[in-house]
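> Pasting in a structure now, in structure tokens, and then I'll have a few things to ask.
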Amino acid sequence: MQDPRFYSLVLHRLPHVGAATYQRLIQHFGSPEKVLAAPINRLESFLDNETLVALQDFQVRAENSVVGQKVLLDLEWLALQTDVHLVSIGDATYPELLREIPKLPPLLFVRGNVHLLNLPQVAIVGSRNPTVGGHENAHRFAEFLAANGFAITSGLALGVDASAHQGALAAGGKTVAVMGTGLDLIYPSRHRRLAQEIVETGGALVTELPLGSGSKAANFPQRNRIISGLSCGVLVVEAAIQSGSLITAHTALQQNREVFAIPGSIHNPLARGCHQLIRQGATLVETAQDIVDQLQGILGYQRETLDKLREKAAKKSEIDDKSLDSLSAGEQEILQAMGYDPVTVDDLIDRTGNPAGLVAAQLIGLEIKGFVQQVGVAYQRI
């Protein structure tokens with residue numbers, strides 16, 4: 001029996017089939033399998049000649065076609081990766097905020113904690129060559145926000161991105177790296193250890209690109225819409241007037257996300273992008289607490305989303321050993337520390353000795369999985 005992911009991956013791997021084309025095809029034909037089986041003359045208005053040739057090859061030779069062989073290798077690789085998830089739009093784990101954006105990615109390759117993608121996130125972006133102050137601001141803002149329960153999302157790039165990921169890790173919090181390459185290729189290569197640490201500490205690496213996709217310049221602007229789409233808001237630390245960070249910020253505005261910018265010296269060319277954003281309506285922030293205060297309302301929406309996800313989970317009158325197997329060691333530790341009476345986050349910090357950011361992130365993860373619920377200012381096992 002064919003792996004149900006096979007047809008989605010074939011459609012995804014056809015040349016020049018991006019997110020928008022994929023979405024149009026599904027809306028018109030109903031499913032990847034129906035798209036791939038459609039007569040060529042019905043597809044001519046959707047696809048260019050190169051794509052049609054590749055599709056004809058698949059229709060004739062199926063698994064033995066060029067694209068069919070690539071997808072079989074994809075499935076073989078995925079089967080060997082115990083911590084990798086292939087998430088499609090129809091899956092319950094697909095990020096709810098990402099469903100709202102134009103050109104939503106039809107498939108996400110996720111290494112690490114897939115449930116993290118539905119946690120409240122703040123994106124932090126900026127220059128690949130920031131000043132010393134830019135590095136420090138990215139790290140400190142990320143550290144504070146992670147300690148307040150936000151996951152920190154960025155692009156694994158040099159400079160501000162790396163400092164943001166590292167700040168979240170320093171707080172014992174969670175961080176998401178959205179990649180501009182396939183999941184099997186880390187770019188830049190010097191960030192392999194950082195990527196490994198992100199996953200090992202309960203974070204996630206995410207990409208919409210097929211396996212083997214290299215670091216082409218065109219991939220990164222597309223990657224940026226996912227960074228902002230996953231997040232409640234985007235913080236720009238330092239950015240030149242012409243930069244990828246401003247692309248991310250403008251995409252965030254189009255997605256109705258909050259945009260924050262840190263002002264800087266008028267003599268710093270990397271402050272000009274932030275100043276331009278502030279003139280265009282971005283929120284000027286001087287402390288990370290400014291962002292926490294601004295996002296309280298959006299967090300209410302996120303809380304409703306978590307409640308819906310929790311309702312979909314099986315109701316648990318008691319948690320057996322089998323269900324505990326689906327939890328990380330840290331999540332099991334939190335449950336054991338909770339007992340069966342309502343407890344506050346501060347109680348759990350005292351009982352476990354874990355950082356505030358880690359405890360907050362684990363509690364939200366347990367909410368998503370249906371193990372705990374919030375009762376006033378406390379949490380209680382279900």
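Chain lettering (A, B, ...) mirrors the order of the structure tokens, residue numbering begins at 1 for each chain separately, and ligand numbering begins at 1 in order of display.
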Using backbone DSSP assignments, extract all alpha helix (DSSP H) residues from range 184-352 of chain A; output them as a tab-separated table (two decimals) with N, CA and C atoms, in the first residue's frame.

chain	number	residue	atom	x	y	z
A	192	ARG	N	25.74	24.28	12.86
A	192	ARG	CA	25.29	22.91	13.09
A	192	ARG	C	25.14	22.61	14.58
A	193	ARG	N	26.11	23.07	15.37
A	193	ARG	CA	26.03	22.81	16.82
A	193	ARG	C	24.86	23.56	17.42
A	194	LEU	N	24.61	24.80	16.98
A	194	LEU	CA	23.47	25.56	17.48
A	194	LEU	C	22.17	24.87	17.10
A	195	ALA	N	22.07	24.39	15.88
A	195	ALA	CA	20.85	23.68	15.45
A	195	ALA	C	20.63	22.43	16.30
A	196	GLN	N	21.70	21.71	16.58
A	196	GLN	CA	21.60	20.51	17.40
A	196	GLN	C	21.13	20.86	18.82
A	197	GLU	N	21.67	21.94	19.36
A	197	GLU	CA	21.29	22.36	20.72
A	197	GLU	C	19.83	22.79	20.77
A	198	ILE	N	19.36	23.46	19.72
A	198	ILE	CA	17.95	23.87	19.66
A	198	ILE	C	17.05	22.65	19.78
A	199	VAL	N	17.35	21.61	19.03
A	199	VAL	CA	16.53	20.40	19.04
A	199	VAL	C	16.65	19.67	20.37
A	200	GLU	N	17.88	19.54	20.87
A	200	GLU	CA	18.11	18.79	22.12
A	200	GLU	C	17.42	19.42	23.32
A	219	ASN	N	15.32	31.53	-1.70
A	219	ASN	CA	14.64	30.78	-0.63
A	219	ASN	C	14.38	31.63	0.61
A	220	PHE	N	15.25	32.61	0.86
A	220	PHE	CA	15.20	33.28	2.16
A	220	PHE	C	14.06	34.29	2.29
A	221	PRO	N	13.72	35.07	1.27
A	221	PRO	CA	12.51	35.90	1.40
A	221	PRO	C	11.25	35.07	1.62
A	222	GLN	N	11.18	33.89	0.97
A	222	GLN	CA	10.04	33.01	1.18
A	222	GLN	C	10.04	32.45	2.60
A	223	ARG	N	11.24	32.12	3.10
A	223	ARG	CA	11.38	31.65	4.47
A	223	ARG	C	10.86	32.68	5.47
A	224	ASN	N	11.08	33.96	5.16
A	224	ASN	CA	10.74	35.02	6.10
A	224	ASN	C	9.24	35.09	6.39
A	225	ARG	N	8.39	34.75	5.41
A	225	ARG	CA	6.95	34.81	5.64
A	225	ARG	C	6.52	33.75	6.67
A	226	ILE	N	7.29	32.67	6.77
A	226	ILE	CA	6.98	31.64	7.77
A	226	ILE	C	7.43	32.10	9.15
A	227	ILE	N	8.58	32.77	9.22
A	227	ILE	CA	9.05	33.30	10.51
A	227	ILE	C	7.99	34.22	11.11
A	228	SER	N	7.50	35.17	10.32
A	228	SER	CA	6.48	36.09	10.84
A	228	SER	C	5.14	35.41	10.99
A	229	GLY	N	4.81	34.47	10.10
A	229	GLY	CA	3.51	33.80	10.16
A	229	GLY	C	3.33	32.94	11.39
A	244	GLY	N	16.82	41.88	4.42
A	244	GLY	CA	15.83	40.83	4.57
A	244	GLY	C	14.98	41.01	5.81
A	245	SER	N	15.54	41.64	6.84
A	245	SER	CA	14.78	41.86	8.08
A	245	SER	C	13.58	42.78	7.82
A	246	LEU	N	13.77	43.79	6.97
A	246	LEU	CA	12.64	44.67	6.65
A	246	LEU	C	11.60	43.94	5.82
A	247	ILE	N	12.05	43.01	4.98
A	247	ILE	CA	11.09	42.17	4.25
A	247	ILE	C	10.23	41.38	5.23
A	248	THR	N	10.87	40.81	6.24
A	248	THR	CA	10.13	40.07	7.26
A	248	THR	C	9.13	40.98	7.98
A	249	ALA	N	9.58	42.19	8.33
A	249	ALA	CA	8.71	43.13	9.04
A	249	ALA	C	7.51	43.52	8.17
A	250	HIS	N	7.74	43.82	6.90
A	250	HIS	CA	6.64	44.21	6.02
A	250	HIS	C	5.69	43.05	5.79
A	251	THR	N	6.25	41.84	5.70
A	251	THR	CA	5.39	40.66	5.58
A	251	THR	C	4.54	40.49	6.83
A	252	ALA	N	5.14	40.74	7.98
A	252	ALA	CA	4.39	40.65	9.24
A	252	ALA	C	3.22	41.62	9.26
A	253	LEU	N	3.43	42.84	8.78
A	253	LEU	CA	2.35	43.82	8.74
A	253	LEU	C	1.23	43.34	7.82
A	254	GLN	N	1.60	42.74	6.69
A	254	GLN	CA	0.59	42.21	5.78
A	254	GLN	C	-0.18	41.05	6.39
A	272	ARG	N	18.80	52.60	10.77
A	272	ARG	CA	17.92	53.31	9.83
A	272	ARG	C	16.70	52.48	9.45
A	273	GLY	N	16.88	51.17	9.31
A	273	GLY	CA	15.73	50.33	9.00
A	273	GLY	C	14.71	50.35	10.11
A	274	CYS	N	15.18	50.30	11.36
A	274	CYS	CA	14.26	50.36	12.51
A	274	CYS	C	13.55	51.70	12.56
A	275	HIS	N	14.29	52.78	12.32
A	275	HIS	CA	13.67	54.11	12.35
A	275	HIS	C	12.61	54.23	11.24
A	276	GLN	N	12.89	53.66	10.08
A	276	GLN	CA	11.91	53.69	9.00
A	276	GLN	C	10.65	52.93	9.40
A	277	LEU	N	10.82	51.77	10.03
A	277	LEU	CA	9.67	51.00	10.48
A	277	LEU	C	8.84	51.76	11.50
A	278	ILE	N	9.51	52.45	12.41
A	278	ILE	CA	8.80	53.22	13.44
A	278	ILE	C	8.00	54.34	12.79
A	279	ARG	N	8.59	54.99	11.78
A	279	ARG	CA	7.84	56.04	11.06
A	279	ARG	C	6.63	55.45	10.34
A	288	ALA	N	12.08	44.62	26.78
A	288	ALA	CA	11.30	43.44	26.38
A	288	ALA	C	9.95	43.43	27.07
A	289	GLN	N	9.85	44.07	28.24
A	289	GLN	CA	8.56	44.15	28.93
A	289	GLN	C	7.54	44.90	28.07
A	290	ASP	N	8.00	45.86	27.27
A	290	ASP	CA	7.10	46.58	26.36
A	290	ASP	C	6.40	45.60	25.42
A	291	ILE	N	7.12	44.60	24.96
A	291	ILE	CA	6.55	43.61	24.04
A	291	ILE	C	5.56	42.71	24.77
A	292	VAL	N	5.94	42.27	25.96
A	292	VAL	CA	5.03	41.43	26.76
A	292	VAL	C	3.72	42.15	27.00
A	293	ASP	N	3.80	43.43	27.38
A	293	ASP	CA	2.59	44.21	27.65
A	293	ASP	C	1.73	44.34	26.40
A	294	GLN	N	2.38	44.57	25.25
A	294	GLN	CA	1.65	44.79	24.01
A	294	GLN	C	0.94	43.52	23.53
A	296	GLN	N	-0.37	41.02	25.30
A	296	GLN	CA	-1.29	40.34	26.21
A	296	GLN	C	-2.60	39.96	25.53
A	297	GLY	N	-3.15	40.88	24.71
A	297	GLY	CA	-4.41	40.58	24.03
A	297	GLY	C	-4.26	39.43	23.05
A	298	ILE	N	-3.16	39.42	22.31
A	298	ILE	CA	-2.94	38.33	21.35
A	298	ILE	C	-2.74	37.01	22.08
A	299	LEU	N	-2.13	37.06	23.24
A	299	LEU	CA	-1.96	35.84	24.01
A	299	LEU	C	-3.30	35.26	24.42
A	300	GLY	N	-4.29	36.14	24.61
A	300	GLY	CA	-5.64	35.65	24.89
A	300	GLY	C	-6.16	34.80	23.74
A	301	TYR	N	-5.90	35.26	22.51
A	301	TYR	CA	-6.30	34.49	21.33
A	301	TYR	C	-5.55	33.16	21.30
A	302	GLN	N	-4.26	33.22	21.60
A	302	GLN	CA	-3.47	32.00	21.61
A	302	GLN	C	-3.99	31.03	22.67
A	303	ARG	N	-4.42	31.58	23.80
A	303	ARG	CA	-4.97	30.73	24.84
A	303	ARG	C	-6.22	30.01	24.36
A	304	GLU	N	-7.08	30.72	23.62
A	304	GLU	CA	-8.28	30.08	23.05
A	304	GLU	C	-7.89	28.97	22.09
A	305	THR	N	-6.86	29.21	21.29
A	305	THR	CA	-6.39	28.19	20.36
A	305	THR	C	-5.91	26.96	21.11
A	306	LEU	N	-5.16	27.18	22.19
A	306	LEU	CA	-4.68	26.06	22.99
A	306	LEU	C	-5.84	25.28	23.59
A	307	ASP	N	-6.89	26.00	24.02
A	307	ASP	CA	-8.06	25.34	24.57
A	307	ASP	C	-8.72	24.43	23.54
A	308	LYS	N	-8.81	24.92	22.30
A	308	LYS	CA	-9.42	24.12	21.24
A	308	LYS	C	-8.59	22.88	20.96
A	309	LEU	N	-7.27	23.06	20.93
A	309	LEU	CA	-6.41	21.91	20.71
A	309	LEU	C	-6.53	20.90	21.84
A	310	ARG	N	-6.67	21.43	23.06
A	310	ARG	CA	-6.81	20.55	24.21
A	310	ARG	C	-8.11	19.77	24.15
A	311	GLU	N	-9.19	20.44	23.68
A	311	GLU	CA	-10.48	19.76	23.58
A	311	GLU	C	-10.44	18.61	22.59
A	312	LYS	N	-9.58	18.75	21.57
A	312	LYS	CA	-9.46	17.68	20.58
A	312	LYS	C	-8.74	16.47	21.15
A	321	ASP	N	0.89	4.72	31.98
A	321	ASP	CA	2.28	4.72	31.56
A	321	ASP	C	2.41	4.88	30.05
A	322	LYS	N	1.46	4.30	29.31
A	322	LYS	CA	1.54	4.38	27.85
A	322	LYS	C	1.43	5.83	27.37
A	323	SER	N	0.49	6.59	27.95
A	323	SER	CA	0.32	7.98	27.52
A	323	SER	C	1.52	8.82	27.93
A	324	LEU	N	2.14	8.49	29.04
A	324	LEU	CA	3.31	9.24	29.48
A	324	LEU	C	4.48	9.07	28.51
A	329	ALA	N	11.01	13.95	28.89
A	329	ALA	CA	11.38	13.75	30.30
A	329	ALA	C	11.06	14.99	31.12
A	330	GLY	N	11.26	16.18	30.53
A	330	GLY	CA	10.95	17.43	31.24
A	330	GLY	C	9.46	17.58	31.53
A	331	GLU	N	8.62	17.20	30.56
A	331	GLU	CA	7.17	17.29	30.76
A	331	GLU	C	6.70	16.31	31.83
A	332	GLN	N	7.29	15.12	31.84
A	332	GLN	CA	6.94	14.15	32.88
A	332	GLN	C	7.35	14.66	34.27
A	333	GLU	N	8.50	15.34	34.31
A	333	GLU	CA	8.96	15.91	35.58
A	333	GLU	C	7.97	16.96	36.09
A	334	ILE	N	7.45	17.79	35.17
A	334	ILE	CA	6.47	18.81	35.55
A	334	ILE	C	5.21	18.15	36.11
A	335	LEU	N	4.72	17.11	35.44
A	335	LEU	CA	3.51	16.42	35.92
A	335	LEU	C	3.72	15.84	37.31
A	336	GLN	N	4.87	15.22	37.51
A	336	GLN	CA	5.14	14.64	38.83
A	336	GLN	C	5.21	15.72	39.91
A	337	ALA	N	5.78	16.87	39.53
A	337	ALA	CA	5.89	17.96	40.50
A	337	ALA	C	4.53	18.61	40.80
A	338	MET	N	3.59	18.51	39.87
A	338	MET	CA	2.28	19.14	40.05
A	338	MET	C	1.42	18.42	41.08
A	345	VAL	N	2.97	28.64	38.55
A	345	VAL	CA	4.26	28.49	37.87
A	345	VAL	C	5.40	28.64	38.87
A	346	ASP	N	5.26	29.59	39.79
A	346	ASP	CA	6.32	29.78	40.80
A	346	ASP	C	6.51	28.53	41.65
A	347	ASP	N	5.38	27.85	41.99
A	347	ASP	CA	5.48	26.60	42.75
A	347	ASP	C	6.31	25.57	41.99
A	348	LEU	N	6.03	25.47	40.69
A	348	LEU	CA	6.73	24.47	39.88
A	348	LEU	C	8.20	24.81	39.69
A	349	ILE	N	8.50	26.11	39.61
A	349	ILE	CA	9.90	26.53	39.54
A	349	ILE	C	10.64	26.10	40.81
A	350	ASP	N	9.99	26.31	41.96
A	350	ASP	CA	10.59	25.92	43.24
A	350	ASP	C	10.77	24.41	43.34
A	351	ARG	N	9.75	23.67	42.90
A	351	ARG	CA	9.78	22.22	43.07
A	351	ARG	C	10.76	21.53	42.13
A	352	THR	N	10.90	22.07	40.92
A	352	THR	CA	11.77	21.42	39.94
A	352	THR	C	13.16	22.03	39.87
> For range 137-147 of chain A, please output as a list in words all residues within 7 Å (counting only C-alpha atoms; exclusion window: fewer than 3 positions along the same chain).
Gly133, Gly134, Phe150, Ala151, Ile152, Val160, Ser163, Ala164, Gln166, Gly167, Ala168, Ala170, Ala171, Gly173, Lys174, Val237, Ala288, Ala356 and Gly357 of chain A
> Would you write out those residues with N, CA and C atoms, as a PDB file, in the first residue's frame?

ATOM      1  N   GLY A 133      26.204  46.128  20.326  1.00  0.00           N
ATOM      2  CA  GLY A 133      24.936  46.414  20.989  1.00  0.00           C
ATOM      3  C   GLY A 133      23.778  45.636  20.380  1.00  0.00           C
ATOM      4  N   GLY A 134      23.816  45.427  19.065  1.00  0.00           N
ATOM      5  CA  GLY A 134      22.778  44.643  18.411  1.00  0.00           C
ATOM      6  C   GLY A 134      22.770  43.205  18.880  1.00  0.00           C
ATOM      7  N   PHE A 150       7.373  32.828  26.100  1.00  0.00           N
ATOM      8  CA  PHE A 150       7.320  32.872  24.637  1.00  0.00           C
ATOM      9  C   PHE A 150       8.394  31.951  24.050  1.00  0.00           C
ATOM     10  N   ALA A 151       8.058  31.280  22.963  1.00  0.00           N
ATOM     11  CA  ALA A 151       9.094  30.660  22.145  1.00  0.00           C
ATOM     12  C   ALA A 151       9.680  31.750  21.250  1.00  0.00           C
ATOM     13  N   ILE A 152      10.969  31.675  21.009  1.00  0.00           N
ATOM     14  CA  ILE A 152      11.656  32.670  20.180  1.00  0.00           C
ATOM     15  C   ILE A 152      11.911  32.075  18.803  1.00  0.00           C
ATOM     16  N   VAL A 160      22.104  38.616  14.349  1.00  0.00           N
ATOM     17  CA  VAL A 160      20.980  38.767  15.264  1.00  0.00           C
ATOM     18  C   VAL A 160      20.232  37.452  15.448  1.00  0.00           C
ATOM     19  N   SER A 163      22.056  35.223  17.891  1.00  0.00           N
ATOM     20  CA  SER A 163      21.989  35.774  19.250  1.00  0.00           C
ATOM     21  C   SER A 163      20.608  35.569  19.864  1.00  0.00           C
ATOM     22  N   ALA A 164      19.559  35.675  19.051  1.00  0.00           N
ATOM     23  CA  ALA A 164      18.197  35.462  19.548  1.00  0.00           C
ATOM     24  C   ALA A 164      18.000  34.010  19.981  1.00  0.00           C
ATOM     25  N   GLN A 166      20.290  31.943  20.900  1.00  0.00           N
ATOM     26  CA  GLN A 166      21.137  31.702  22.067  1.00  0.00           C
ATOM     27  C   GLN A 166      20.551  32.336  23.321  1.00  0.00           C
ATOM     28  N   GLY A 167      19.905  33.504  23.172  1.00  0.00           N
ATOM     29  CA  GLY A 167      19.263  34.132  24.321  1.00  0.00           C
ATOM     30  C   GLY A 167      18.133  33.276  24.875  1.00  0.00           C
ATOM     31  N   ALA A 168      17.337  32.691  23.970  1.00  0.00           N
ATOM     32  CA  ALA A 168      16.260  31.808  24.421  1.00  0.00           C
ATOM     33  C   ALA A 168      16.819  30.594  25.143  1.00  0.00           C
ATOM     34  N   ALA A 170      19.633  30.420  26.732  1.00  0.00           N
ATOM     35  CA  ALA A 170      20.208  30.848  28.009  1.00  0.00           C
ATOM     36  C   ALA A 170      19.144  30.942  29.095  1.00  0.00           C
ATOM     37  N   ALA A 171      17.898  31.231  28.698  1.00  0.00           N
ATOM     38  CA  ALA A 171      16.800  31.324  29.668  1.00  0.00           C
ATOM     39  C   ALA A 171      16.196  29.972  29.981  1.00  0.00           C
ATOM     40  N   GLY A 173      14.545  28.415  27.767  1.00  0.00           N
ATOM     41  CA  GLY A 173      13.299  28.439  27.018  1.00  0.00           C
ATOM     42  C   GLY A 173      13.403  27.675  25.710  1.00  0.00           C
ATOM     43  N   LYS A 174      12.385  27.866  24.867  1.00  0.00           N
ATOM     44  CA  LYS A 174      12.314  27.152  23.590  1.00  0.00           C
ATOM     45  C   LYS A 174      12.540  28.117  22.436  1.00  0.00           C
ATOM     46  N   VAL A 237      15.753  44.139  15.465  1.00  0.00           N
ATOM     47  CA  VAL A 237      16.785  44.646  16.369  1.00  0.00           C
ATOM     48  C   VAL A 237      17.656  45.686  15.666  1.00  0.00           C
ATOM     49  N   ALA A 288      12.084  44.617  26.784  1.00  0.00           N
ATOM     50  CA  ALA A 288      11.304  43.443  26.382  1.00  0.00           C
ATOM     51  C   ALA A 288       9.945  43.428  27.073  1.00  0.00           C
ATOM     52  N   ALA A 356      12.316  29.670  34.677  1.00  0.00           N
ATOM     53  CA  ALA A 356      10.924  30.062  34.439  1.00  0.00           C
ATOM     54  C   ALA A 356      10.505  29.820  32.994  1.00  0.00           C
ATOM     55  N   GLY A 357      11.389  30.151  32.050  1.00  0.00           N
ATOM     56  CA  GLY A 357      11.051  29.989  30.641  1.00  0.00           C
ATOM     57  C   GLY A 357      10.787  28.541  30.283  1.00  0.00           C
TER      58      GLY A 357
END
> For Val66 in chain A, which residue among A:Val53, A:Lys369, A:His28, A:Asp83 is the nearest when counting only C-alpha atoms?
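The closest residue to Val66 in chain A is A:Val53.
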> Which polymer residues have any atom within 12 Å of an atom of range 179-183 of chain A, counting only C-alpha atoms, with same-chain residues fewer than 3 positions away left out, as a PDB file with C-alpha atoms, in the first residue's frame?

ATOM      1  CA  ARG A  13       8.701  18.213  -5.591  1.00  0.00           C
ATOM      2  CA  ASP A  74      12.536  11.191   0.871  1.00  0.00           C
ATOM      3  CA  TRP A  77      15.090   9.208   4.889  1.00  0.00           C
ATOM      4  CA  LEU A  78      12.037  10.245   6.903  1.00  0.00           C
ATOM      5  CA  GLN A  81      14.631  10.073  11.427  1.00  0.00           C
ATOM      6  CA  ASP A  83      12.640  13.139  15.582  1.00  0.00           C
ATOM      7  CA  VAL A  84      11.406  14.418  12.195  1.00  0.00           C
ATOM      8  CA  HIS A  85       7.758  15.126  11.361  1.00  0.00           C
ATOM      9  CA  LEU A  86       6.160  15.871   7.999  1.00  0.00           C
ATOM     10  CA  LEU A 108       6.386  21.544   6.780  1.00  0.00           C
ATOM     11  CA  PHE A 109       9.407  19.425   7.608  1.00  0.00           C
ATOM     12  CA  VAL A 110       9.980  19.685  11.365  1.00  0.00           C
ATOM     13  CA  ARG A 111      12.853  18.294  13.386  1.00  0.00           C
ATOM     14  CA  GLY A 112      12.245  18.328  17.126  1.00  0.00           C
ATOM     15  CA  THR A 153      11.522  32.269  16.416  1.00  0.00           C
ATOM     16  CA  SER A 154      14.280  33.276  14.022  1.00  0.00           C
ATOM     17  CA  GLY A 155      16.110  32.142  10.908  1.00  0.00           C
ATOM     18  CA  LEU A 156      19.316  30.441  12.135  1.00  0.00           C
ATOM     19  CA  ALA A 157      21.364  33.046  10.234  1.00  0.00           C
ATOM     20  CA  ASP A 161      19.282  35.431  14.473  1.00  0.00           C
ATOM     21  CA  VAL A 176      12.264  27.734  16.603  1.00  0.00           C
ATOM     22  CA  ILE A 186      22.232  23.260   7.928  1.00  0.00           C
ATOM     23  CA  TYR A 187      23.126  26.734   6.653  1.00  0.00           C
ATOM     24  CA  PRO A 188      25.393  28.325   7.603  1.00  0.00           C
ATOM     25  CA  SER A 189      27.376  25.170   8.363  1.00  0.00           C
ATOM     26  CA  HIS A 191      25.546  26.707  13.075  1.00  0.00           C
ATOM     27  CA  ARG A 192      25.286  22.907  13.093  1.00  0.00           C
ATOM     28  CA  ALA A 195      20.855  23.682  15.454  1.00  0.00           C
ATOM     29  CA  ALA A 204      12.439  22.822  16.547  1.00  0.00           C
ATOM     30  CA  LEU A 205      13.959  23.267  13.098  1.00  0.00           C
ATOM     31  CA  VAL A 206      11.355  24.022  10.416  1.00  0.00           C
ATOM     32  CA  THR A 207      11.382  24.318   6.643  1.00  0.00           C
ATOM     33  CA  GLU A 208       8.936  24.079   3.774  1.00  0.00           C
ATOM     34  CA  LEU A 209      11.673  23.154   1.305  1.00  0.00           C
ATOM     35  CA  PRO A 210      12.219  19.598   0.016  1.00  0.00           C
ATOM     36  CA  LEU A 211      15.167  17.575   1.251  1.00  0.00           C
ATOM     37  CA  GLY A 212      18.388  18.484  -0.494  1.00  0.00           C
ATOM     38  CA  SER A 213      17.371  22.092  -1.164  1.00  0.00           C
ATOM     39  CA  GLY A 214      20.446  24.308  -0.972  1.00  0.00           C
ATOM     40  CA  SER A 215      20.897  27.875   0.211  1.00  0.00           C
ATOM     41  CA  LYS A 216      19.602  29.721  -2.851  1.00  0.00           C
ATOM     42  CA  ALA A 217      19.074  33.453  -2.404  1.00  0.00           C
ATOM     43  CA  ALA A 218      15.420  33.193  -3.486  1.00  0.00           C
ATOM     44  CA  ASN A 219      14.644  30.783  -0.635  1.00  0.00           C
ATOM     45  CA  PHE A 220      15.203  33.284   2.157  1.00  0.00           C
ATOM     46  CA  PRO A 221      12.512  35.903   1.397  1.00  0.00           C
ATOM     47  CA  GLN A 222      10.041  33.006   1.177  1.00  0.00           C
ATOM     48  CA  ARG A 223      11.376  31.646   4.473  1.00  0.00           C
ATOM     49  CA  ASN A 224      10.740  35.024   6.104  1.00  0.00           C
ATOM     50  CA  ARG A 225       6.946  34.809   5.643  1.00  0.00           C
ATOM     51  CA  ILE A 226       6.984  31.644   7.770  1.00  0.00           C
ATOM     52  CA  ILE A 227       9.047  33.303  10.510  1.00  0.00           C
TER      53      ILE A 227
END
> For each of A:Leu185, A:Gln27, A:Ser127, A:Gln255, take the minimum atom-to-atom distance to Pro269 in chain A, counting only C-alpha atoms, then give the residue where this is smallest.
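That would be A:Ser127, the residue with the smallest distance to Pro269 in chain A.
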> Quick check, in Å to one decimal: how far apart do CA of Val87 in chain A and CA of Gln59 in chain A lie?
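Result for CA of Val87 in chain A versus CA of Gln59 in chain A: 25.2 Å, one decimal.
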> Check the smallest atom-to-atom distance from each of A:Ile89, A:Arg381, A:Ala123, A:His135 to Phe260 in chain A using only C-alpha atoms, then report the winner.
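Among the listed residues, the smallest separation from Phe260 in chain A belongs to A:Ala123.
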> Could you find all residues in range 92-244 of chain A that DSSP calls strand (DSSP E) from the backbone, and write them as an MDAnalysis selection string?
chainID A and resid 107:112 121:125 151:154 175:178 204:207 233:236
> Using CA of Val359 in chain A and CA of Leu327 in chain A as the two end points, give the distance in Å to one decimal.
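Going from CA of Val359 in chain A over to CA of Leu327 in chain A, I get 14.1 Å.
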> Looking at A:Asn148, A:Gly90, A:Asn118, A:Val125, which one is nearest to Pro106 in chain A, with distances taken over only C-alpha atoms?
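When distances to Pro106 in chain A are compared using only C-alpha atoms, the smallest one comes from A:Gly90.
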> Write out as a list in words which residues come within 6 Å of Leu270 in chain A when counting only C-alpha atoms, dropping same-chain ones fewer than 2 positions away.
Glu238, Ala239, Ala240, Asn268 and Arg272 of chain A
> Let me see the file: selected residues, C-alpha atoms, as a compact mmCIF listing (two decimals), in the first residue's frame.

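Result went into selection.txt, see below:
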# COMPACT_ATOMS: atom_id res chain seq x y z
CA GLU A 238 19.07 46.23 13.75
CA ALA A 239 18.49 46.48 10.02
CA ALA A 240 19.72 48.48 7.05
CA ASN A 268 24.36 53.86 13.08
CA ARG A 272 17.92 53.31 9.83
> From the set A:Val343, A:Leu284, A:Ala271, A:Ala20, which residue has the shortest atom-to-atom contact distance to Gln242 in chain A, counting only C-alpha atoms?
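Of all the options, A:Ala271 lies closest to Gln242 in chain A.
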> Interatomic distance between CA of Leu230 in chain A and CA of Leu98 in chain A?
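Those two atoms sit 5.4 Å apart.
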> Rank nothing, just name the residue among A:Asn49, A:Ser328, A:Thr344, A:Asn129 nearest to Ser243 in chain A, using only C-alpha atoms.
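Ranking A:Asn49, A:Ser328, A:Thr344, A:Asn129 by distance to Ser243 in chain A, first place goes to A:Asn129.
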> Excluding range 33-39 of chain A and residues on its chain fewer than 6 positions from it, collect all residues at most 8 Å away from it, counting only C-alpha atoms, and give them as a list in words.
Tyr7, Ser8, Leu11, Leu25, Ile26, Leu55 and Gln59 of chain A
> Could you turn the residues from that selection into a file that holds C-alpha atoms, as a short mmCIF file (atom, residue, chain, number, x, y, z; two decimals), in the first residue's frame?

data_model
loop_
_atom_site.label_atom_id
_atom_site.label_comp_id
_atom_site.auth_asym_id
_atom_site.auth_seq_id
_atom_site.Cartn_x
_atom_site.Cartn_y
_atom_site.Cartn_z
CA TYR A 7 1.44 12.02 -3.54
CA SER A 8 1.81 15.18 -1.45
CA LEU A 11 3.33 17.37 -6.04
CA LEU A 25 -4.23 22.97 -7.67
CA ILE A 26 -5.67 21.46 -4.50
CA LEU A 55 4.32 15.35 -14.46
CA GLN A 59 2.02 9.64 -14.95
#
